[in-house]
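These notes concern the structure reproduced below.
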Amino acid sequence: MSLIAATPESTGMSSERLARIRPAMQAVVDRGLVAGIHTTITRRGKVVHDERVGALDPATGVPLPADALYRIYSMTKPIVCVALMALYEEGRFQLYTPAARFLPALGKLKVLEVAADGTERLVDPIRPITVADLMMHTAGFSYSFLDSPASGLYRTHTPVIGDSTLTLSELIAHACELPLSYHPGSRWHYSISIDVAAHLAEIVADRPLRDLLQERIFDPLGMTDTDFGVPIGKRNLVMAMRGVDDICAPGTTLASMFDRWLQGVNVAIDVDESYPVNRPERFMRGGHGLFSTAADYLRFAQMMLNRGELDGTRILSRKTLEMMHTNHVPRTLLPYEIGGIASPGYGFGLGERVLEDVGLANVMGSPGEFGWAGAAKTYYWVDPVEEMVGLFMTQLQSTDEPQMTFRTLAYQSIAD
């Protein structure tokens with residue numbers, strides 16, 4: 001069942017102000033920044049805006065179809081965390097349960113400490129990694145594209161995220177050969193920890209991640225085009241990628257991407273090797289990896305706004321969603337930051353951001369708004385106060401932020 005469209009005015013939105021979105025998004029396409037953009041807004045349970053501009057691929061000029069497929073990168077994370085919390089609701093673990101109970105290798109990890117003079121030493125962690133740490137990015141892991149004590153090892157010692165031929169269990173085994181960058185609970189650091197959480201979910205459920213997501217989320221919500229791969233007959237619907245570099249490629253860092261952006265680089269990027277369309281049986285990840293459509297992800301987001309239910313199907317309880325979207329990070333570790341860019345005004349729940357202070361955040365929104373984004377500029381938010389969902393879909397690996405323009409234009413369209 002599709003979400004029902006309604007006139008903007010019937011939901012307290014302004015048609016005149018919503019009309020500002022299309023020319024603004026077209027201007028982004030006209031700059032050559034992206035091939036196309038799909039934007040969607042729901043308010044009070046109805047679709048009030050759903051527009052597409054640009055092409056699926058500039059090389060062909062085919063207009064962007066409604067069923068275009070996008071590599072959603074880190075927008076995979078909220079989906080995985082919902083699946084893990086469904087297992088939590090069954091009493092399989094507590095948030096404070098040591099993750100090593102399910103993944104013994106986590107109990108053997110050391111922490112790489114670096115002194116002011118550059119001296120390195122491996123030490124025991126001050127406490128075990130908990131299940132909550134994995135969803136909160138406080139477990140001590142890192143990403144190869146971010147700076148941290150162990151990130152150099154992520155880039156040179158063994159493949160951690162860039163090798164798409166590895167299974168999820170193989171990827172986590174490689175990661176556990178490396179030390180942690182930080183003591184568990186001592187720092188918020190964006191990382192592969194939700195990949196670890198995904199493998200933990202596989203073990204708890206005794207199901208491959210792909211099957212678990214299909215059974216717990218995709219089938220119940222009618223997300224028919226969301227998977228870790230794309231069927232042969234639909235590969236022509238995958239949007240072309242543009243930007244400065246493939247974030248999952250060996251040697252890529254956020255710093256190198258920023259430098260290329262400053263140089264004005266914006267080119268077609270081939271990400272088929274690091275994010276393949278044809279290996280869903282092996283290429284299962286927790287932190288990235290899913291393909292989805294705007295319609296599919298909107299159903300997931302609307303379920304989150306509806307306190308865990310959509311079209312009579314309940315995925316999580318209201319209380320579980322409330323707990324997921326409450327800040328879990330100690331004040332001393334906020335604001336969290338990724339690659340040196342802080343997010344003041346935001347806390348972090350179990351898998352995604354939570355807005356706490358609109359003034360500090362410098363974005364329109366409401367306390368309690370939550371959501372996340374992907375490395376290729378897919379972006380979504382849920383605002384329970386305004387009963388609003390916003391969804392922005394394109395494919396751009398760059399430091400440009402057209403999604404924030406869309407967010408501003410969405411909020412300025414609220415009439416009451």
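Residues in the structure tokens are numbered from 1 in each chain, the chains being A, B, ... in the order shown, and ligands are numbered from 1 in the order shown.
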Could you tell me, as a list in words, which residues of segment 252-307 of chain A DSSP assigns to strand (DSSP E) when given the backbone?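 Those in segment 252-307 of chain A that DSSP calls strand (DSSP E) are Val267, Ala268, Phe291 and Ser292 of chain A.
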Spatial neighbours of segment 161-176 of chain A, 9 Å, only C-alpha atoms, chain gap at least 4 places, as an MDAnalysis selection string: chainID A and resid 105:106 108:109 141 143:144 154 180 192 195:196 198:199 209 247:250 273:276 279 281:286
Long-range neighbours of Thr408 of chain A as a ChimeraX atom specification, 10 Å cut-off, only C-alpha atoms, 2 positions minimum in chain: /A:21,363-365,403-406,410-413
Can you tell me which residues surround segment 118-125 of chain A at a distance of at most 10 Å, considering only C-alpha atoms, apart from same-chain residues fewer than 2 positions away, and format the answer as a list in words? Gly107, Lys108, Leu109, Lys110, Val111, Leu112, Glu113, Val114, Ala115, Ala116, Arg127, Pro128, Ile129, Gly140, Pro149, Pro179, Leu180, Tyr182, His183, Pro184 and Gly185 of chain A
Name the closest residue to Leu237 of chain A among the candidates A:Met324, A:Met85, A:Leu310, A:Ala66; distances are taken between atoms, counting only C-alpha atoms. A:Ala66
Counting only C-alpha atoms, the residue of A:Cys81, A:Leu298, A:Leu87, A:Ala59 that sits nearest His325 of chain A: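 Ranking A:Cys81, A:Leu298, A:Leu87, A:Ala59 by distance to His325 of chain A, first place goes to A:Cys81.
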